[in-house]
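One file, start_8.csv, is given below (CSV, N, CA and C atoms and all ligand atoms).
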chain,number,residue,atom,x,y,z
A,1,MET,N,-0.5,17.1,-31.8
A,1,MET,CA,-0.3,15.9,-31.1
A,1,MET,C,0.3,16.1,-29.7
A,2,PRO,N,-0.4,15.6,-28.6
A,2,PRO,CA,0.1,15.8,-27.3
A,2,PRO,C,1.4,15.2,-27.0
A,3,PRO,N,2.2,15.9,-26.2
A,3,PRO,CA,3.6,15.3,-25.9
A,3,PRO,C,3.5,14.0,-25.1
A,4,THR,N,4.4,13.2,-25.3
A,4,THR,CA,4.5,11.9,-24.5
A,4,THR,C,5.5,12.2,-23.4
A,5,PHE,N,5.3,11.5,-22.3
A,5,PHE,CA,6.1,11.7,-21.1
A,5,PHE,C,6.8,10.4,-20.8
A,6,THR,N,8.0,10.6,-20.2
A,6,THR,CA,8.8,9.5,-19.8
A,6,THR,C,9.2,9.7,-18.3
A,7,ARG,N,9.1,8.6,-17.5
A,7,ARG,CA,9.4,8.6,-16.1
A,7,ARG,C,11.0,8.8,-16.0
A,8,ILE,N,11.4,9.7,-15.2
A,8,ILE,CA,12.8,10.0,-15.1
A,8,ILE,C,13.3,9.6,-13.7
A,9,ALA,N,12.4,9.7,-12.7
A,9,ALA,CA,12.8,9.4,-11.3
A,9,ALA,C,11.6,9.1,-10.5
A,10,THR,N,11.8,8.5,-9.3
A,10,THR,CA,10.8,8.1,-8.4
A,10,THR,C,11.2,8.6,-7.0
A,11,TYR,N,10.3,9.1,-6.3
A,11,TYR,CA,10.6,9.6,-4.9
A,11,TYR,C,9.6,9.1,-3.9
A,12,THR,N,10.0,9.0,-2.7
A,12,THR,CA,9.1,8.4,-1.6
A,12,THR,C,8.0,9.4,-1.3
A,13,THR,N,8.4,10.7,-1.2
A,13,THR,CA,7.4,11.7,-0.8
A,13,THR,C,7.1,12.7,-1.9
A,14,PRO,N,5.9,13.3,-1.9
A,14,PRO,CA,5.6,14.3,-2.9
A,14,PRO,C,6.5,15.5,-2.8
A,15,HIS,N,7.0,15.8,-1.6
A,15,HIS,CA,7.8,17.0,-1.4
A,15,HIS,C,9.1,16.9,-2.1
A,16,GLU,N,9.8,15.8,-2.1
A,16,GLU,CA,11.0,15.6,-2.8
A,16,GLU,C,10.8,15.8,-4.3
A,17,ALA,N,9.7,15.1,-4.8
A,17,ALA,CA,9.4,15.2,-6.2
A,17,ALA,C,9.1,16.6,-6.6
A,18,GLU,N,8.4,17.4,-5.8
A,18,GLU,CA,8.0,18.7,-6.1
A,18,GLU,C,9.2,19.7,-6.2
A,19,ILE,N,10.2,19.4,-5.3
A,19,ILE,CA,11.4,20.3,-5.4
A,19,ILE,C,12.1,20.1,-6.7
A,20,VAL,N,12.3,18.8,-7.1
A,20,VAL,CA,13.0,18.5,-8.4
A,20,VAL,C,12.2,19.0,-9.6
A,21,ARG,N,10.8,18.9,-9.5
A,21,ARG,CA,10.0,19.4,-10.6
A,21,ARG,C,10.2,20.9,-10.7
A,22,GLY,N,10.2,21.6,-9.6
A,22,GLY,CA,10.4,23.1,-9.6
A,22,GLY,C,11.7,23.4,-10.3
A,23,MET,N,12.8,22.7,-10.0
A,23,MET,CA,14.1,22.9,-10.6
A,23,MET,C,14.0,22.7,-12.1
A,24,LEU,N,13.4,21.7,-12.5
A,24,LEU,CA,13.3,21.4,-13.9
A,24,LEU,C,12.5,22.5,-14.6
A,25,ARG,N,11.4,22.9,-14.0
A,25,ARG,CA,10.6,24.0,-14.6
A,25,ARG,C,11.3,25.3,-14.7
A,26,GLU,N,12.2,25.6,-13.8
A,26,GLU,CA,13.1,26.8,-13.9
A,26,GLU,C,13.9,26.7,-15.1
A,27,HIS,N,14.2,25.5,-15.6
A,27,HIS,CA,15.0,25.3,-16.8
A,27,HIS,C,14.2,25.1,-18.0
A,28,GLY,N,12.9,25.3,-17.9
A,28,GLY,CA,12.0,25.3,-19.1
A,28,GLY,C,11.5,23.9,-19.4
A,29,ILE,N,11.6,22.9,-18.5
A,29,ILE,CA,11.1,21.6,-18.7
A,29,ILE,C,9.9,21.4,-17.9
A,30,GLU,N,8.8,21.2,-18.6
A,30,GLU,CA,7.4,21.1,-18.0
A,30,GLU,C,7.2,19.7,-17.4
A,31,ALA,N,7.9,19.4,-16.3
A,31,ALA,CA,7.7,18.0,-15.7
A,31,ALA,C,6.4,17.9,-15.0
A,32,ILE,N,5.9,16.7,-14.9
A,32,ILE,CA,4.7,16.5,-14.2
A,32,ILE,C,4.9,15.3,-13.2
A,33,LEU,N,4.0,15.3,-12.2
A,33,LEU,CA,4.1,14.2,-11.1
A,33,LEU,C,3.0,13.3,-11.3
A,34,GLN,N,3.2,12.0,-11.0
A,34,GLN,CA,2.2,11.0,-11.0
A,34,GLN,C,2.1,10.3,-9.7
A,35,ASP,N,0.9,10.1,-9.2
A,35,ASP,CA,0.6,9.4,-7.9
A,35,ASP,C,1.0,10.3,-6.7
A,36,ASP,N,1.2,11.6,-6.9
A,36,ASP,CA,1.6,12.5,-5.8
A,36,ASP,C,0.4,12.7,-4.9
A,37,VAL,N,-0.8,12.9,-5.5
A,37,VAL,CA,-2.0,13.1,-4.7
A,37,VAL,C,-2.4,11.8,-3.8
A,38,THR,N,-2.2,10.7,-4.5
A,38,THR,CA,-2.5,9.4,-3.7
A,38,THR,C,-1.6,9.3,-2.5
A,39,VAL,N,-0.3,9.6,-2.7
A,39,VAL,CA,0.7,9.5,-1.6
A,39,VAL,C,0.4,10.6,-0.5
A,40,GLN,N,-0.1,11.8,-1.0
A,40,GLN,CA,-0.4,12.9,0.0
A,40,GLN,C,-1.6,12.4,0.9
A,41,MET,N,-2.5,11.7,0.4
A,41,MET,CA,-3.6,11.2,1.2
A,41,MET,C,-3.2,10.3,2.3
A,42,ASN,N,-2.3,9.4,2.0
A,42,ASN,CA,-1.8,8.5,3.0
A,42,ASN,C,-0.3,8.1,2.6
A,43,TRP,N,0.6,8.5,3.4
A,43,TRP,CA,2.0,8.3,2.9
A,43,TRP,C,2.4,6.8,2.8
A,44,LEU,N,1.7,5.9,3.5
A,44,LEU,CA,2.0,4.5,3.4
A,44,LEU,C,1.7,4.0,2.0
A,45,TYR,N,0.8,4.7,1.2
A,45,TYR,CA,0.5,4.3,-0.1
A,45,TYR,C,1.7,4.5,-1.1
A,46,SER,N,2.7,5.2,-0.6
A,46,SER,CA,3.9,5.4,-1.5
A,46,SER,C,4.5,4.1,-1.9
A,47,ASN,N,4.6,3.1,-0.9
A,47,ASN,CA,5.2,1.8,-1.3
A,47,ASN,C,4.2,1.1,-2.2
A,48,VAL,N,2.9,1.2,-2.0
A,48,VAL,CA,1.9,0.5,-2.7
A,48,VAL,C,2.0,0.9,-4.2
A,49,VAL,N,2.0,2.2,-4.5
A,49,VAL,CA,1.9,2.7,-5.8
A,49,VAL,C,3.3,2.8,-6.5
A,50,GLY,N,4.4,2.5,-5.7
A,50,GLY,CA,5.7,2.5,-6.2
A,50,GLY,C,6.3,3.9,-6.2
A,51,GLY,N,5.9,4.8,-5.3
A,51,GLY,CA,6.4,6.1,-5.1
A,51,GLY,C,5.8,7.1,-6.0
A,52,VAL,N,6.3,8.4,-5.8
A,52,VAL,CA,5.8,9.5,-6.6
A,52,VAL,C,6.7,9.6,-7.9
A,53,LYS,N,6.1,9.5,-9.1
A,53,LYS,CA,6.9,9.5,-10.3
A,53,LYS,C,7.0,10.9,-10.9
A,54,LEU,N,8.2,11.2,-11.3
A,54,LEU,CA,8.5,12.4,-12.0
A,54,LEU,C,8.6,12.1,-13.4
A,55,LEU,N,7.7,12.8,-14.2
A,55,LEU,CA,7.7,12.5,-15.7
A,55,LEU,C,8.1,13.8,-16.4
A,56,VAL,N,8.9,13.6,-17.4
A,56,VAL,CA,9.3,14.8,-18.3
A,56,VAL,C,8.9,14.5,-19.7
A,57,PRO,N,8.6,15.5,-20.5
A,57,PRO,CA,8.3,15.3,-21.9
A,57,PRO,C,9.5,14.5,-22.5
A,58,THR,N,9.2,13.5,-23.3
A,58,THR,CA,10.2,12.7,-23.9
A,58,THR,C,11.2,13.5,-24.7
A,59,SER,N,10.7,14.6,-25.3
A,59,SER,CA,11.6,15.5,-26.1
A,59,SER,C,12.7,16.2,-25.2
A,60,ASP,N,12.4,16.3,-23.9
A,60,ASP,CA,13.3,17.0,-23.0
A,60,ASP,C,14.1,16.0,-22.1
A,61,LEU,N,14.0,14.7,-22.4
A,61,LEU,CA,14.5,13.7,-21.6
A,61,LEU,C,16.1,13.9,-21.4
A,62,ALA,N,16.8,14.1,-22.5
A,62,ALA,CA,18.2,14.2,-22.4
A,62,ALA,C,18.6,15.4,-21.5
A,63,ASP,N,18.0,16.5,-21.7
A,63,ASP,CA,18.3,17.7,-20.9
A,63,ASP,C,18.0,17.5,-19.4
A,64,ALA,N,16.8,16.9,-19.2
A,64,ALA,CA,16.5,16.6,-17.8
A,64,ALA,C,17.4,15.7,-17.1
A,65,ARG,N,17.9,14.6,-17.8
A,65,ARG,CA,18.9,13.7,-17.3
A,65,ARG,C,20.2,14.5,-16.9
A,66,GLU,N,20.6,15.4,-17.8
A,66,GLU,CA,21.8,16.1,-17.6
A,66,GLU,C,21.6,17.0,-16.3
A,67,LEU,N,20.5,17.7,-16.2
A,67,LEU,CA,20.2,18.6,-15.1
A,67,LEU,C,20.2,17.8,-13.8
A,68,LEU,N,19.7,16.6,-13.8
A,68,LEU,CA,19.6,15.8,-12.6
A,68,LEU,C,20.8,14.9,-12.4
A,69,ASN,N,21.8,15.0,-13.3
A,69,ASN,CA,23.0,14.2,-13.2
A,69,ASN,C,22.7,12.7,-13.1
A,70,LEU,N,21.8,12.3,-14.0
A,70,LEU,CA,21.4,10.9,-14.1
A,70,LEU,C,22.2,10.2,-15.2
A,71,THR,N,22.5,8.9,-15.0
A,71,THR,CA,23.1,8.1,-16.1
A,71,THR,C,21.9,7.6,-16.9
A,72,ASP,N,22.2,6.8,-17.9
A,72,ASP,CA,21.1,6.2,-18.7
A,72,ASP,C,20.4,5.1,-18.0
A,73,GLU,N,21.0,4.5,-17.0
A,73,GLU,CA,20.4,3.5,-16.2
A,73,GLU,C,19.5,4.1,-15.2
A,74,PRO,N,18.2,3.6,-15.0
A,74,PRO,CA,17.4,4.1,-13.9
A,74,PRO,C,18.1,3.8,-12.6
A,75,THR,N,18.0,4.8,-11.7
A,75,THR,CA,18.7,4.6,-10.4
A,75,THR,C,17.7,4.1,-9.4
A,76,ASP,N,18.2,3.2,-8.5
A,76,ASP,CA,17.4,2.7,-7.4
A,76,ASP,C,18.0,3.4,-6.1
A,77,GLN,N,17.1,4.1,-5.4
A,77,GLN,CA,17.5,4.8,-4.2
A,77,GLN,C,17.8,3.9,-3.0
A,78,ASP,N,17.3,2.7,-3.1
A,78,ASP,CA,17.6,1.8,-2.0
A,78,ASP,C,19.1,1.4,-2.0
A,79,ALA,N,19.6,1.2,-0.8
A,79,ALA,CA,21.0,0.7,-0.7
A,79,ALA,C,21.0,-0.7,-1.1
A,80,SER,N,21.9,-1.1,-2.0
A,80,SER,CA,21.9,-2.5,-2.4
A,80,SER,C,22.8,-3.2,-1.5
A,81,PRO,N,22.6,-4.6,-1.4
A,81,PRO,CA,23.5,-5.3,-0.4
A,81,PRO,C,24.9,-5.3,-0.8
A,82,GLU,N,25.3,-5.0,-2.1
A,82,GLU,CA,26.7,-5.0,-2.5
A,82,GLU,C,27.4,-3.8,-1.8
A,83,THR,N,26.7,-2.7,-1.6
A,83,THR,CA,27.3,-1.5,-1.0
A,83,THR,C,27.2,-1.5,0.5
A,84,THR,N,26.6,-2.5,1.1
A,84,THR,CA,26.5,-2.5,2.5
A,84,THR,C,27.6,-3.3,3.1
A,85,GLN,N,28.2,-2.8,4.1
A,85,GLN,CA,29.4,-3.4,4.8
A,85,GLN,C,29.0,-3.9,6.1
A,86,CYS,N,29.6,-5.1,6.5
A,86,CYS,CA,29.4,-5.6,7.8
A,86,CYS,C,30.1,-4.7,8.8
A,87,PRO,N,29.4,-4.3,9.9
A,87,PRO,CA,30.1,-3.5,10.9
A,87,PRO,C,31.2,-4.2,11.7
A,88,ASN,N,31.1,-5.6,11.7
A,88,ASN,CA,32.1,-6.4,12.5
A,88,ASN,C,33.3,-6.7,11.7
A,89,CYS,N,33.2,-7.3,10.5
A,89,CYS,CA,34.4,-7.7,9.8
A,89,CYS,C,34.6,-6.9,8.5
A,90,HIS,N,33.7,-5.9,8.2
A,90,HIS,CA,33.8,-5.1,7.0
A,90,HIS,C,33.7,-5.8,5.7
A,91,GLY,N,33.1,-7.1,5.8
A,91,GLY,CA,32.9,-7.9,4.6
A,91,GLY,C,31.7,-7.3,3.8
A,92,THR,N,31.7,-7.6,2.5
A,92,THR,CA,30.7,-7.1,1.7
A,92,THR,C,29.7,-8.1,1.3
A,93,GLN,N,29.9,-9.4,1.7
A,93,GLN,CA,28.9,-10.5,1.4
A,93,GLN,C,27.8,-10.3,2.5
A,94,VAL,N,26.8,-9.5,2.1
A,94,VAL,CA,25.8,-9.2,3.1
A,94,VAL,C,24.4,-9.5,2.5
A,95,ALA,N,23.6,-10.2,3.2
A,95,ALA,CA,22.2,-10.5,2.8
A,95,ALA,C,21.2,-9.7,3.5
A,96,SER,N,20.2,-9.2,2.8
A,96,SER,CA,19.1,-8.4,3.4
A,96,SER,C,18.1,-9.4,4.1
A,97,LEU,N,17.8,-9.1,5.3
A,97,LEU,CA,16.8,-9.9,6.0
A,97,LEU,C,15.4,-9.2,5.9
A,98,ARG,N,14.6,-9.6,5.0
A,98,ARG,CA,13.3,-8.9,4.9
A,98,ARG,C,12.2,-9.8,5.6
A,99,PRO,N,11.3,-9.1,6.4
A,99,PRO,CA,10.3,-9.9,7.0
A,99,PRO,C,9.3,-10.4,6.0
A,100,PRO,N,8.7,-11.5,6.3
A,100,PRO,CA,7.7,-12.1,5.3
A,100,PRO,C,6.6,-11.2,5.0
A,101,LEU,N,6.0,-11.4,3.9
A,101,LEU,CA,4.9,-10.5,3.4
A,101,LEU,C,3.7,-10.5,4.4
A,102,LEU,N,3.4,-11.6,5.1
A,102,LEU,CA,2.3,-11.6,6.1
A,102,LEU,C,2.6,-10.6,7.2
A,103,PHE,N,3.9,-10.4,7.6
A,103,PHE,CA,4.3,-9.5,8.6
A,103,PHE,C,4.0,-8.1,8.1
A,104,GLY,N,4.3,-7.8,6.9
A,104,GLY,CA,4.0,-6.5,6.3
A,104,GLY,C,2.5,-6.2,6.3
A,105,ILE,N,1.7,-7.2,6.0
A,105,ILE,CA,0.2,-7.0,5.9
A,105,ILE,C,-0.3,-6.8,7.4
A,106,PHE,N,0.2,-7.5,8.3
A,106,PHE,CA,-0.2,-7.4,9.7
A,106,PHE,C,0.2,-6.0,10.2
A,107,MET,N,1.4,-5.5,9.9
A,107,MET,CA,1.7,-4.1,10.3
A,107,MET,C,0.8,-3.1,9.7
A,108,LEU,N,0.4,-3.3,8.4
A,108,LEU,CA,-0.5,-2.3,7.8
A,108,LEU,C,-1.8,-2.3,8.4
A,109,LEU,N,-2.3,-3.5,8.8
A,109,LEU,CA,-3.7,-3.6,9.3
A,109,LEU,C,-3.8,-3.2,10.7
A,110,PHE,N,-2.8,-3.5,11.6
A,110,PHE,CA,-3.0,-3.3,13.0
A,110,PHE,C,-2.1,-2.3,13.6
A,111,LEU,N,-1.0,-1.9,13.0
A,111,LEU,CA,0.0,-1.1,13.7
A,111,LEU,C,0.4,0.1,12.8
A,112,LEU,N,-0.6,0.7,12.2
A,112,LEU,CA,-0.3,1.8,11.2
A,112,LEU,C,0.7,2.8,11.8
A,113,PRO,N,0.5,3.3,13.0
A,113,PRO,CA,1.4,4.4,13.5
A,113,PRO,C,2.8,3.8,13.7
A,114,PHE,N,2.9,2.5,13.9
A,114,PHE,CA,4.2,1.9,14.2
A,114,PHE,C,4.8,1.1,13.0
A,115,GLY,N,4.3,1.5,11.8
A,115,GLY,CA,4.7,0.7,10.7
A,115,GLY,C,6.1,0.8,10.2
A,116,TYR,N,6.8,1.8,10.8
A,116,TYR,CA,8.2,2.0,10.3
A,116,TYR,C,9.1,0.8,10.8
A,117,ARG,N,9.9,0.3,9.9
A,117,ARG,CA,10.9,-0.6,10.3
A,117,ARG,C,12.2,-0.3,9.5
A,118,ARG,N,13.3,-0.6,10.1
A,118,ARG,CA,14.5,-0.4,9.4
A,118,ARG,C,15.0,-1.7,8.8
A,119,ASP,N,15.7,-1.7,7.7
A,119,ASP,CA,16.2,-2.9,7.1
A,119,ASP,C,17.2,-3.6,8.0
A,120,ARG,N,17.2,-4.9,8.0
A,120,ARG,CA,18.2,-5.7,8.7
A,120,ARG,C,19.0,-6.5,7.7
A,121,TYR,N,20.3,-6.7,8.1
A,121,TYR,CA,21.2,-7.4,7.3
A,121,TYR,C,21.9,-8.5,8.0
A,122,ARG,N,22.4,-9.5,7.3
A,122,ARG,CA,23.2,-10.5,7.9
A,122,ARG,C,24.5,-10.7,7.1
A,123,CYS,N,25.6,-10.7,7.8
A,123,CYS,CA,26.9,-10.9,7.1
A,123,CYS,C,27.1,-12.4,6.8
A,124,GLU,N,27.4,-12.7,5.5
A,124,GLU,CA,27.6,-14.1,5.1
A,124,GLU,C,28.9,-14.6,5.6
A,125,THR,N,29.9,-13.7,5.9
A,125,THR,CA,31.2,-14.1,6.3
A,125,THR,C,31.3,-14.5,7.8
A,126,CYS,N,30.8,-13.6,8.7
A,126,CYS,CA,30.9,-13.8,10.1
A,126,CYS,C,29.6,-14.1,10.8
A,127,GLY,N,28.5,-13.9,10.1
A,127,GLY,CA,27.2,-14.3,10.7
A,127,GLY,C,26.6,-13.2,11.5
A,128,THR,N,27.2,-12.0,11.6
A,128,THR,CA,26.7,-10.9,12.4
A,128,THR,C,25.4,-10.4,11.7
A,129,THR,N,24.4,-10.1,12.6
A,129,THR,CA,23.2,-9.4,12.1
A,129,THR,C,23.1,-8.0,12.7
A,130,TRP,N,22.6,-7.1,11.9
A,130,TRP,CA,22.4,-5.7,12.4
A,130,TRP,C,21.2,-5.1,11.8
A,201,ZN,ZN,30.9,-9.8,9.0

Have the structure of the file written as structure tokens, please.
Ligand SMILES: [Zn+2]
Amino acid sequence: MPPTFTRIATYTTPHEAEIVRGMLREHGIEAILQDDVTVQMNWLYSNVVGGVKLLVPTSDLADARELLNLTDEPTDQDASPETTQCPNCHGTQVASLRPPLLFGIFMLLFLLPFGYRRDRYRCETCGTTW
């Protein structure tokens, strides 16, 4: 019976995922990557496919979690609004200002080399945006 695999982590680039996979393999865990070739072809596809997935045999899941210092909850690498502080009043009531979907599509179609944007936030307490 072939082993079943469980996703343990997701990375933006294949390089990050490959480093972690190499570490797991040194400890005898035969981890595999999913969507790494797709992201290598065009790094913008990383967001489309949900990143490069690191999969480990389900039988090695507990050991792999321990090696990677993961809790039982899947971790999200994005900074959540709760952990973001206002630079003006240091308040934690912060809302993320995401551009509309059409803006993202426009950037993908016409401005591929300039597609990078940084996240913007607005403080609910003092109204500062950054
Ligand atoms: Zn503020």

How many Å separate atom C of Phe110 in chain A from atom C of Trp43 in chain A?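 A separation of 14.8 Å between them.
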
Excluding Thr4 in chain A and residues on its chain fewer than 2 positions from it, collect all residues at most 5 Å away from it, counting all atoms listed in the file, and give them as a tab-separated table (two decimals) with N, CA and C atoms, in the frame of the given file.
chain	number	residue	atom	x	y	z
A	2	PRO	N	-0.40	15.60	-28.60
A	2	PRO	CA	0.10	15.80	-27.30
A	2	PRO	C	1.40	15.20	-27.00
A	6	THR	N	8.00	10.60	-20.20
A	6	THR	CA	8.80	9.50	-19.80
A	6	THR	C	9.20	9.70	-18.30
A	57	PRO	N	8.60	15.50	-20.50
A	57	PRO	CA	8.30	15.30	-21.90
A	57	PRO	C	9.50	14.50	-22.50
A	58	THR	N	9.20	13.50	-23.30
A	58	THR	CA	10.20	12.70	-23.90
A	58	THR	C	11.20	13.50	-24.70

Contact table range 27-97 of chain A vs range 7-21 of chain A, cut-off 6.5 Å, shortest pair per residue, all atoms listed in the file, as a tab-separated table:
residue	atom	partner	partner_atom	distance
A:Ala31	CA	A:Arg21	CA	5.8
A:Asp36	CA	A:Pro14	CA	5.3
A:Val39	C	A:Pro14	N	6.3
A:Gln40	N	A:Pro14	N	6.2
A:Ser46	CA	A:Thr12	C	5.7
A:Gly51	CA	A:Tyr11	C	4.5
A:Val52	N	A:Tyr11	C	3.9
A:Lys53	CA	A:Thr10	CA	4.6
A:Leu54	N	A:Ala9	C	4.1
A:Leu55	CA	A:Arg7	CA	4.3
A:Val56	N	A:Arg7	N	5.0

Counting only C-alpha atoms and all ligand atoms, name the residues that have an atom within 10 Å of an atom of ligand ZN 201 (chain A); the answer should be given as a list in words. Gln85, Cys86, Pro87, Asn88, Cys89, His90, Gly91, Thr92, Gln93, Val94, Arg122, Cys123, Glu124, Thr125, Cys126, Gly127, Thr128 and Thr129 of chain A

Identify all residues of chain A in strand (DSSP E) (DSSP on the backbone) and supply them as a list in words.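 Listing strand (DSSP E) positions across chain A yields Phe5, Thr6, Arg7, Ile8, Ala9, Thr10, Tyr11, Ile32, Leu33, Gln34, Val52, Lys53, Leu54, Leu55, Val56, Pro57, Val94, Ala95, Ser96, Leu97, Arg120, Tyr121, Arg122 and Cys123 of chain A.
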
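Across the structure, CA of Ile29 in chain A and CA of Gly50 in chain A are spaced 23.5 Å apart.
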
Using atom C of Met41 in chain A and CA of Phe5 in chain A as the two end points, give the distance in Å to one decimal.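 Those two atoms sit 25.2 Å apart.
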